[in-house]
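**Q** Input file: coords.cif. Contents: mmCIF, C-alpha atoms.
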data_entry
loop_
_atom_site.label_atom_id
_atom_site.label_comp_id
_atom_site.auth_asym_id
_atom_site.auth_seq_id
_atom_site.Cartn_x
_atom_site.Cartn_y
_atom_site.Cartn_z
CA MET W 1 27.10 92.15 68.49
CA SER W 2 29.77 94.41 69.90
CA MET W 3 32.99 93.93 71.82
CA THR W 4 34.88 96.25 74.16
CA LEU W 5 38.66 96.32 74.00
CA PHE W 6 40.41 98.73 76.40
CA SER W 7 37.44 101.10 76.50
CA LEU W 8 37.12 100.98 72.71
CA THR W 9 33.85 99.42 71.62
CA ILE W 10 33.79 97.87 68.17
CA GLN W 11 30.79 96.66 66.21
CA LEU W 12 31.42 93.08 65.11
CA SER W 13 28.10 92.53 63.30
CA GLY W 14 29.39 93.96 60.03
CA LEU W 15 32.48 91.78 59.97
CA ILE W 16 30.56 88.62 60.91
CA ILE W 17 27.80 89.12 58.36
CA GLY W 18 30.34 90.14 55.73
CA ALA W 19 32.22 86.89 56.29
CA VAL W 20 28.93 84.99 56.09
CA ALA W 21 28.15 86.70 52.77
CA PHE W 22 31.63 85.81 51.49
CA GLY W 23 31.19 82.19 52.55
CA SER W 24 27.70 81.96 51.11
CA ILE W 25 28.94 83.12 47.69
CA ALA W 26 31.59 80.40 47.81
CA LEU W 27 29.03 77.82 48.95
CA GLY W 28 26.57 78.87 46.26
CA ARG W 29 29.22 78.52 43.58
CA TYR W 30 30.29 75.09 44.89
CA LEU W 31 26.68 73.84 45.11
CA THR W 32 25.92 75.10 41.60
CA ILE W 33 28.85 73.23 40.06
CA LYS W 34 28.36 70.02 42.06
CA GLY W 35 24.57 70.12 41.81
CA GLU W 36 24.67 70.43 38.04
CA TYR W 37 27.30 67.70 37.81
CA TYR W 38 25.41 65.11 39.86
CA PHE W 39 21.74 66.10 39.55
CA THR W 40 21.54 68.02 36.22
CA ARG W 41 19.92 71.42 36.01
CA ARG W 42 16.82 70.13 37.78
CA PHE W 43 18.83 70.89 40.93
CA TRP W 44 17.22 74.36 40.71
CA ILE W 45 14.22 72.95 42.59
CA VAL W 46 16.47 72.28 45.60
CA PHE W 47 17.73 75.85 45.43
CA LEU W 48 14.17 77.18 45.27
CA ILE W 49 12.98 75.14 48.26
CA LEU W 50 16.08 75.80 50.39
CA GLY W 51 16.11 79.50 49.50
CA GLY W 52 12.43 79.94 50.26
CA LEU W 53 12.71 78.11 53.59
CA LEU W 54 15.76 80.13 54.61
CA LEU W 55 14.04 83.42 53.78
CA LEU W 56 11.01 82.37 55.79
CA LEU W 57 13.30 81.43 58.67
CA ALA W 58 15.04 84.81 58.35
CA LEU W 59 11.73 86.64 58.76
CA VAL W 60 10.72 84.60 61.80
CA THR W 61 13.99 84.42 63.78
CA PRO W 62 14.27 87.14 66.40
CA HIS W 63 18.08 86.91 66.67
CA PHE W 64 19.60 89.46 64.32
CA LEU W 65 22.80 87.65 63.31
CA VAL W 66 21.01 84.34 62.68
CA SER W 67 18.25 86.06 60.75
CA ALA W 68 20.69 88.07 58.61
CA SER W 69 22.79 84.97 57.87
CA CYS W 70 19.70 82.98 56.86
CA SER W 71 18.52 85.84 54.69
CA ILE W 72 21.84 86.12 52.87
CA LEU W 73 22.02 82.36 52.32
CA GLY W 74 18.39 82.34 51.14
CA PHE W 75 18.97 85.10 48.59
CA THR W 76 22.16 83.39 47.44
CA PHE W 77 20.26 80.16 46.83
CA LEU W 78 17.56 82.02 44.91
CA TRP W 79 20.34 83.49 42.77
CA GLY W 80 21.60 79.93 42.33
CA ILE W 81 18.39 78.97 40.50
CA GLY W 82 19.45 81.04 37.50
CA GLU W 83 23.06 80.07 37.96
CA VAL W 84 22.49 76.30 37.82
CA ILE W 85 20.57 76.70 34.54
CA GLU W 86 23.44 78.79 33.18
CA GLN W 87 25.84 76.12 34.41
CA GLU W 88 24.31 73.55 32.06
CA LYS W 89 25.02 75.85 29.12
CA ARG W 90 28.61 76.28 30.33
CA VAL W 91 29.01 72.51 30.50
CA GLN W 92 27.61 72.15 26.97
CA LYS W 93 30.17 74.70 25.78
CA GLY W 94 32.89 72.59 27.40
CA TRP W 95 33.93 75.15 30.03
CA PHE W 96 33.18 72.74 32.87
CA PRO W 97 33.50 68.93 33.02
CA GLU W 98 30.35 66.97 32.31
CA ASN W 99 29.28 63.91 34.22
CA PRO W 100 30.46 60.90 32.15
CA ASN W 101 27.74 58.69 33.63
CA ARG W 102 25.00 60.72 31.96
CA LYS W 103 24.29 58.84 28.74
CA LYS W 104 21.38 60.91 27.47
CA PHE W 105 23.38 64.08 27.75
CA LYS W 106 26.30 62.61 25.79
CA LYS W 107 24.11 61.40 22.93
CA LYS W 108 22.69 64.87 22.54
CA ARG W 109 26.16 66.33 22.11
CA SER W 110 27.87 63.76 19.90
CA PRO W 111 26.26 64.36 16.43
CA MET D 1 27.20 101.21 72.48
CA LYS D 2 23.73 102.24 71.43
CA SER D 3 22.20 99.89 68.93
CA PHE D 4 20.19 101.21 66.05
CA ASN D 5 16.74 99.78 65.52
CA ALA D 6 16.15 99.75 61.77
CA CYS D 7 12.66 98.32 62.12
CA PRO D 8 10.95 100.25 64.91
CA ILE D 9 7.58 98.71 64.12
CA ASN D 10 7.44 95.06 65.17
CA TRP D 11 4.08 93.62 64.32
CA ASN D 12 2.89 91.45 67.11
CA TRP D 13 0.05 89.46 65.69
CA ARG D 14 -0.28 87.48 68.86
CA SER D 15 -1.46 90.40 70.93
CA ALA D 16 -3.57 91.74 68.09
CA ASN D 17 -5.38 88.53 67.29
CA PHE D 18 -5.30 86.40 70.41
CA ALA D 19 -5.50 88.90 73.26
CA ASP D 20 -8.94 87.74 74.37
CA ALA D 21 -8.80 84.11 73.23
CA PRO D 22 -8.96 81.47 75.96
CA GLY D 23 -5.89 79.26 76.15
CA ASN D 24 -7.46 75.86 75.62
CA GLY D 25 -8.01 73.31 72.86
CA PRO D 26 -6.80 74.14 69.36
CA VAL D 27 -6.48 77.79 70.36
CA VAL D 28 -3.32 76.90 72.32
CA VAL D 29 -1.73 75.63 69.11
CA LEU D 30 -2.80 78.81 67.36
CA GLN D 31 -1.36 80.90 70.15
CA ASN D 32 1.95 79.06 70.02
CA THR D 33 2.09 79.38 66.23
CA ALA D 34 1.32 83.07 66.53
CA PHE D 35 4.09 83.37 69.06
CA MET D 36 6.53 81.73 66.67
CA PHE D 37 5.46 83.82 63.70
CA GLY D 38 4.36 86.91 65.56
CA PHE D 39 7.71 88.62 65.39
CA ILE D 40 8.67 89.52 61.84
CA ASN D 41 12.37 90.32 61.65
CA TYR D 42 12.49 92.81 58.79
CA GLU D 43 15.99 93.92 59.67
CA GLY D 44 17.61 90.54 59.04
CA PHE D 45 15.62 90.06 55.84
CA LEU D 46 16.60 93.51 54.57
CA VAL D 47 20.27 92.74 55.23
CA GLY D 48 19.97 89.75 52.89
CA LEU D 49 18.18 91.83 50.26
CA PHE D 50 20.84 94.55 50.36
CA ALA D 51 23.64 91.96 50.30
CA PHE D 52 21.99 90.40 47.25
CA LEU D 53 21.88 93.82 45.53
CA ILE D 54 25.50 94.66 46.45
CA ILE D 55 26.77 91.31 45.15
CA GLY D 56 24.56 91.66 42.07
CA ILE D 57 26.00 95.10 41.31
CA PHE D 58 29.59 93.85 41.55
CA HIS D 59 28.92 91.05 39.06
CA PRO D 60 28.83 93.38 35.97
CA VAL D 61 31.25 95.84 37.59
CA VAL D 62 34.03 93.21 37.64
CA ILE D 63 33.37 92.30 34.00
CA ARG D 64 33.44 95.91 32.84
CA VAL D 65 36.45 96.90 34.92
CA GLU D 66 38.38 93.92 33.55
CA TYR D 67 37.32 94.87 30.02
CA HIS D 68 38.35 98.51 30.23
CA TYR D 69 41.22 98.54 32.74
CA GLY D 70 42.47 94.96 33.04
CA LYS D 71 43.33 92.98 36.12
CA GLY D 72 45.98 95.50 37.16
CA VAL D 73 43.49 97.57 39.14
CA TRP D 74 43.06 94.83 41.75
CA PRO D 75 44.71 96.85 44.57
CA PHE D 76 41.88 99.40 44.37
CA PHE D 77 39.35 96.64 45.00
CA LEU D 78 41.36 95.02 47.79
CA VAL D 79 42.21 98.25 49.61
CA SER D 80 38.67 99.63 49.40
CA GLY D 81 37.37 96.25 50.59
CA ILE D 82 39.68 96.24 53.62
CA VAL D 83 38.85 99.90 54.38
CA SER D 84 35.14 99.17 54.16
CA ALA D 85 35.35 96.08 56.36
CA THR D 86 37.46 97.98 58.91
CA ALA D 87 35.08 100.95 58.88
CA SER D 88 32.23 98.57 59.70
CA LEU D 89 33.88 97.95 63.08
CA PHE D 90 33.57 101.57 64.14
CA ILE D 91 29.96 102.27 63.29
CA ALA D 92 27.47 102.02 66.09
CA GLN D 93 24.46 101.53 63.84
CA ARG D 94 24.19 97.79 63.38
CA PHE D 95 22.44 97.88 60.03
CA ILE D 96 24.91 100.30 58.42
CA SER D 97 27.84 98.39 59.91
CA VAL D 98 26.52 95.19 58.34
CA LEU D 99 26.08 96.83 54.94
CA LEU D 100 29.68 98.10 55.08
CA GLY D 101 30.90 94.64 56.11
CA VAL D 102 29.07 93.00 53.21
CA LEU D 103 30.39 95.68 50.83
CA GLY D 104 33.93 95.07 52.09
CA PHE D 105 33.81 91.31 51.64
CA ALA D 106 32.09 91.71 48.25
CA LEU D 107 35.00 93.92 47.17
CA ILE D 108 37.50 91.33 48.41
CA TRP D 109 35.63 88.64 46.47
CA SER D 110 35.67 90.91 43.41
CA THR D 111 39.46 91.10 43.70
CA LEU D 112 39.64 87.33 43.28
CA GLU D 113 36.98 87.47 40.57
CA LEU D 114 39.03 90.00 38.60
CA PHE D 115 41.82 87.46 38.16
CA LYS D 116 39.36 84.72 37.23
CA GLN D 117 37.76 87.05 34.70
CA HIS D 118 41.20 87.65 33.18
CA GLN D 119 41.67 83.89 32.85
CA ARG D 120 38.23 83.59 31.23
CA VAL D 121 39.19 86.23 28.68
CA LEU D 122 42.41 84.38 27.88
CA LYS D 123 40.43 81.16 27.38
CA GLY D 124 37.98 82.96 25.09
CA GLN D 125 35.07 82.54 27.49
CA ALA D 126 34.59 86.28 27.91
CA LYS D 127 34.83 89.27 25.61
CA ARG D 128 38.32 90.51 24.80
CA ASN D 129 39.00 94.21 24.54
CA PRO D 130 40.43 94.71 21.02
CA ARG D 131 42.21 97.93 22.04
CA ARG D 132 44.27 96.33 24.81
CA ASN D 133 47.28 94.01 24.88
CA TYR D 134 46.87 90.89 26.96
CA HIS D 135 50.04 89.47 28.40
CA GLU D 136 49.57 85.73 28.20
CA SER D 137 50.40 84.78 31.77
#
What would the structure in this file look like if it were written as structure tokens?

**A**
Amino acid sequence: MSMTLFSLTIQLSGLIIGAVAFGSIALGRYLTIKGEYYFTRRFWIVFLILGGLLLLLALVTPHFLVSASCSILGFTFLWGIGEVIEQEKRVQKGWFPENPNRKKFKKKRSP
Amino acid sequence: MKSFNACPINWNWRSANFADAPGNGPVVVLQNTAFMFGFINYEGFLVGLFAFLIIGIFHPVVIRVEYHYGKGVWPFFLVSGIVSATASLFIAQRFISVLLGVLGFALIWSTLELFKQHQRVLKGQAKRNPRRNYHES
């Protein structure tokens, strides 16, 4: 995607996809924390399915910007698989709040 | 502006596999499916792969830079990020422009991450450099 301003043509693809990458990192971080909090580390399955679907979509979509955005989000979600498992360890170390409604988890920690 | 085609070979499975198939019965479904999946967009996929690698490289870079130089070097990250993102505007090749854009925003994210890493060190969640004074702030 490009834009012409007073006979100067600028390439907007880089800026757009860069912003998408920035947003997807933020989204991945948010989903990791919230996913672990509400759904335990088994949330990695959601990341795997969403990431795989997005990568498939990225390969199939002819539109470049849509495809690139899907690809970046897909890879971010695949990264999130490892991150959500790490997140459980961080919660056990007390770096992040744990869900108080999770009784089994609490029992494991208390002794 | 001339756009740069990073994937000159577009496999078209539809023409390869269904050129002489009659368009009736289940073959129509096959043809439509082949149309949907016939075009493989390698360029978009590769952008994601490269973005993944760039972000993955900056993950340890931030940790090491914080360890050796502290959070004070954040202007280098921010300025190089802004320069990279601005440079992406003036490059005709779409793929290279996108890589520069991703690099720029990754650097800007790293600037924020540098401060968070400093906080993690103060909390004892990350390794503290024994040869450096940390101002508790």

**Q** So how far away is atom CA of W:Leu31 from atom CA of W:Trp44, in Å?

**A**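 Taking atom CA of W:Trp44 as the start and atom CA of W:Leu31 as the end point, the length is 10.4 Å.
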
**Q** Please write as an MDAnalysis selection string the full residue list that the PyMOL selection byres ((chain W) within 8 of (chain D)) yields on this file.

**A** chainID W and resid 2 9:19 21:22 55 58:62 64:76 95

**Q** Just give me the gap between atom CA of W:Phe43 and atom CA of W:Leu56 in Å, one decimal is fine.

**A**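 Atom CA of W:Phe43 sits 20.3 Å away from atom CA of W:Leu56.
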
**Q** So what do you get for atom CA of W:Leu57 versus atom CA of W:Gly80, distance-wise?

**A**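 According to the coordinates, atom CA of W:Leu57 and atom CA of W:Gly80 are separated by 18.4 Å.
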
**Q** Please identify all polymer residues within 12 Å of W:Tyr30, counting all atoms listed in the file, omitting same-chain residues fewer than 4 positions from it, and present them as a count of residues only.

**A** 14

**Q** Would you compute the box with edges along x, y and z of the file around stretch 69-74 of chain D, including every atom the file lists for it and 5 Å extra on each side, and give its centre and edge lengths in Å to one decimal, as AutoDock Vina command-line options?

**A**
--center_x 43.6 --center_y 95.8 --center_z 37.2 --size_x 14.8 --size_y 15.6 --size_z 19.0

**Q** I'd like to see the residues matched by the PyMOL selection byres ((chain W and resi 98) around 12) on this file, and ideally I'd get them as a CSV table (one decimal) with C-alpha atoms, in the frame of the given file.

**A**
chain,number,residue,atom,x,y,z
W,33,ILE,CA,28.8,73.2,40.1
W,34,LYS,CA,28.4,70.0,42.1
W,35,GLY,CA,24.6,70.1,41.8
W,36,GLU,CA,24.7,70.4,38.0
W,37,TYR,CA,27.3,67.7,37.8
W,38,TYR,CA,25.4,65.1,39.9
W,39,PHE,CA,21.7,66.1,39.6
W,40,THR,CA,21.5,68.0,36.2
W,41,ARG,CA,19.9,71.4,36.0
W,87,GLN,CA,25.8,76.1,34.4
W,88,GLU,CA,24.3,73.6,32.1
W,89,LYS,CA,25.0,75.8,29.1
W,90,ARG,CA,28.6,76.3,30.3
W,91,VAL,CA,29.0,72.5,30.5
W,92,GLN,CA,27.6,72.2,27.0
W,93,LYS,CA,30.2,74.7,25.8
W,94,GLY,CA,32.9,72.6,27.4
W,95,TRP,CA,33.9,75.2,30.0
W,96,PHE,CA,33.2,72.7,32.9
W,97,PRO,CA,33.5,68.9,33.0
W,99,ASN,CA,29.3,63.9,34.2
W,100,PRO,CA,30.5,60.9,32.2
W,101,ASN,CA,27.7,58.7,33.6
W,102,ARG,CA,25.0,60.7,32.0
W,103,LYS,CA,24.3,58.8,28.7
W,104,LYS,CA,21.4,60.9,27.5
W,105,PHE,CA,23.4,64.1,27.8
W,106,LYS,CA,26.3,62.6,25.8
W,109,ARG,CA,26.2,66.3,22.1

**Q** Can you list, as a ChimeraX atom specification, the residues that the PyMOL selection byres ((chain W and resi 47-49) around 6) selects here?

**A** /W:44-46,50-52,77-78,81

**Q** D:Ile54, D:Gly70, D:Leu78, D:Arg64: which is nearest D:Phe115, counting only C-alpha atoms?

**A**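 Of D:Ile54, D:Gly70, D:Leu78, D:Arg64, the one nearest D:Phe115 is D:Gly70, counting only C-alpha atoms.
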
**Q** With all heavy atoms as the goal, would you fill in the gaps in stretch 95-106 of chain D and present it as a short mmCIF file (atom, residue, chain, number, x, y, z; two decimals), in the coordinates of the input?

**A**
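So the final result, stored in rebuild-v9.cif, reads:
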data_model
loop_
_atom_site.label_atom_id
_atom_site.label_comp_id
_atom_site.auth_asym_id
_atom_site.auth_seq_id
_atom_site.Cartn_x
_atom_site.Cartn_y
_atom_site.Cartn_z
N PHE D 95 22.84 98.13 61.41
CA PHE D 95 22.44 97.88 60.03
C PHE D 95 23.47 98.45 59.05
O PHE D 95 23.87 97.78 58.09
CB PHE D 95 21.07 98.52 59.78
CG PHE D 95 20.41 98.08 58.51
CD1 PHE D 95 19.78 96.85 58.45
CD2 PHE D 95 20.44 98.87 57.38
CE1 PHE D 95 19.17 96.42 57.28
CE2 PHE D 95 19.84 98.45 56.22
CZ PHE D 95 19.20 97.23 56.16
N ILE D 96 23.94 99.67 59.32
CA ILE D 96 24.91 100.30 58.42
C ILE D 96 26.25 99.58 58.51
O ILE D 96 26.94 99.38 57.50
CB ILE D 96 25.03 101.80 58.77
CG1 ILE D 96 23.69 102.48 58.47
CG2 ILE D 96 26.14 102.47 57.99
CD1 ILE D 96 23.55 103.84 59.04
N SER D 97 26.61 99.15 59.73
CA SER D 97 27.84 98.39 59.91
C SER D 97 27.81 97.11 59.08
O SER D 97 28.80 96.75 58.42
CB SER D 97 28.02 98.07 61.39
OG SER D 97 28.99 97.07 61.55
N VAL D 98 26.65 96.44 59.08
CA VAL D 98 26.52 95.19 58.34
C VAL D 98 26.62 95.45 56.84
O VAL D 98 27.29 94.70 56.12
CB VAL D 98 25.19 94.51 58.70
CG1 VAL D 98 24.83 93.45 57.69
CG2 VAL D 98 25.29 93.89 60.08
N LEU D 99 26.00 96.52 56.37
CA LEU D 99 26.08 96.83 54.94
C LEU D 99 27.53 97.09 54.53
O LEU D 99 27.99 96.64 53.48
CB LEU D 99 25.21 98.03 54.59
CG LEU D 99 23.70 97.81 54.64
CD1 LEU D 99 22.99 99.01 54.06
CD2 LEU D 99 23.31 96.56 53.89
N LEU D 100 28.27 97.83 55.39
CA LEU D 100 29.68 98.10 55.08
C LEU D 100 30.50 96.81 55.10
O LEU D 100 31.39 96.63 54.27
CB LEU D 100 30.25 99.09 56.09
CG LEU D 100 30.06 100.57 55.76
CD1 LEU D 100 30.54 101.42 56.91
CD2 LEU D 100 30.80 100.94 54.50
N GLY D 101 30.19 95.91 56.05
CA GLY D 101 30.90 94.64 56.11
C GLY D 101 30.66 93.81 54.85
O GLY D 101 31.60 93.26 54.27
N VAL D 102 29.41 93.76 54.43
CA VAL D 102 29.07 93.00 53.21
C VAL D 102 29.76 93.63 52.00
O VAL D 102 30.33 92.93 51.16
CB VAL D 102 27.55 92.94 53.03
CG1 VAL D 102 27.19 92.39 51.66
CG2 VAL D 102 26.92 92.07 54.11
N LEU D 103 29.73 94.97 51.94
CA LEU D 103 30.39 95.68 50.83
C LEU D 103 31.88 95.35 50.81
O LEU D 103 32.46 95.07 49.75
CB LEU D 103 30.16 97.18 51.00
CG LEU D 103 30.76 98.09 49.93
CD1 LEU D 103 30.01 97.93 48.62
CD2 LEU D 103 30.71 99.54 50.37
N GLY D 104 32.51 95.36 52.00
CA GLY D 104 33.93 95.07 52.09
C GLY D 104 34.27 93.68 51.59
O GLY D 104 35.18 93.50 50.78
N PHE D 105 33.50 92.69 52.06
CA PHE D 105 33.81 91.31 51.64
C PHE D 105 33.45 91.09 50.17
O PHE D 105 34.10 90.28 49.50
CB PHE D 105 33.09 90.32 52.55
CG PHE D 105 33.84 90.04 53.81
CD1 PHE D 105 33.62 90.79 54.95
CD2 PHE D 105 34.80 89.04 53.85
CE1 PHE D 105 34.33 90.54 56.12
CE2 PHE D 105 35.51 88.78 55.01
CZ PHE D 105 35.27 89.54 56.14
N ALA D 106 32.42 91.81 49.68
CA ALA D 106 32.09 91.71 48.25
C ALA D 106 33.23 92.26 47.40
O ALA D 106 33.56 91.72 46.35
CB ALA D 106 30.80 92.46 47.96
#
